[in-house]
Structures are given as structure tokens and as C-alpha cells.
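Beneath this line is the structure, given in C-alpha cells, with notes to follow.
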Amino acid sequence: MHELAITESIVDAVAERLPDARITCVCLEIGALSGVVPDSVRFCFDLVTEGTNLEGARLEITEVPGRCHCGVCGADFEPDGPITLCPCGSIEIKVLSGQELKIASVQCLTGGTTPPHKPAEVA
Ligand SMILES: [Zn+2]
């Protein structure tokens, strides 16, 4: 599963940069053309963070819409799928945005108030 490896690398990157912090929230930006399915990342996140300092953290995903520019007719357009094709039929497409996959921000608790266990909240 593609998203599992991606989620692992995100969690590794955060844990590596903030090894002593208790992470409470991770915000990601996922482009519509990145090929990454946000729901799959959400699903994998809980699995991957288990036993790390990201365990129990909230995951917020901002989906960035795709923008493309056609080299033939000059139109900017938003592709409605992973196949980028200009409405004029051209495949000479330059992708302007929507391929990103990045960590936008991370919130964490530093200091000594970290509870040893997650609060026992059962939804
Ligand atoms: Zn075009």
C-alpha cells in the first residue's frame, strides 16, 4: 500500500525533528494530483504513530486543488482527475500546483505536563 510508506516517512520526519516532544497535531497539504489519497493517509496515520511520540496526535489534511496550464491554447484549468488533459484536447500540460505533499505544520507539547497515557475517551 502506497500510502502506508508515505505516512511512515511523514511520521519519521516529524519524530526525527522533534524527538522529545509530544506531538498533538500534524497538518499536511496534499495536492489533488499527488496521487495520494487523504483518507488512506488518515487510516495509516493511526497505525504508524502507534508507539511513537506522535501517538494520539490529530491529523489535519488540507487538499490543494490541481492547476494546470496548457502549452497549446494557453488556458489555465483545474483537471478533474489524475489524467491531465486540457479541455482543448492537448496533452502539452504544465502542472502549476496540486502535486505537493508536505507537512504544513506540527503542534506539540513541550515541557513536563505530558500524561503517561492517552485520556480514556471512548467515542
Ligand atoms: Zn489547451
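In the C-alpha cells, chains take the letters A, B, ... in the order shown, each chain's residues start at 1, and ligands count up from 1 in the order shown.
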May I have the residues within 6 Å of ligand 1, computed using only C-alpha atoms and all ligand atoms, as JSON, numbers by chain? {"A": [70, 72, 73, 74, 75, 86, 87, 88, 90]}
Looking only at strand (DSSP E) from DSSP on the backbone, list the matching residues of chain A as a PyMOL selection string. chain A and resi 22-31+58-64+67-70+76-77+93-97+101-109
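In this structure, atom CA of Gly56 of chain A sits 24.7 Å away from atom CA of Gly31 of chain A.
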Determine the nearest neighbour of Glu29 of chain A from the options A:Thr62, A:Thr110, A:Thr7, A:Gln99, counting only C-alpha atoms.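 Checking each of A:Thr62, A:Thr110, A:Thr7, A:Gln99 against Glu29 of chain A, counting only C-alpha atoms, the winner is A:Thr62.
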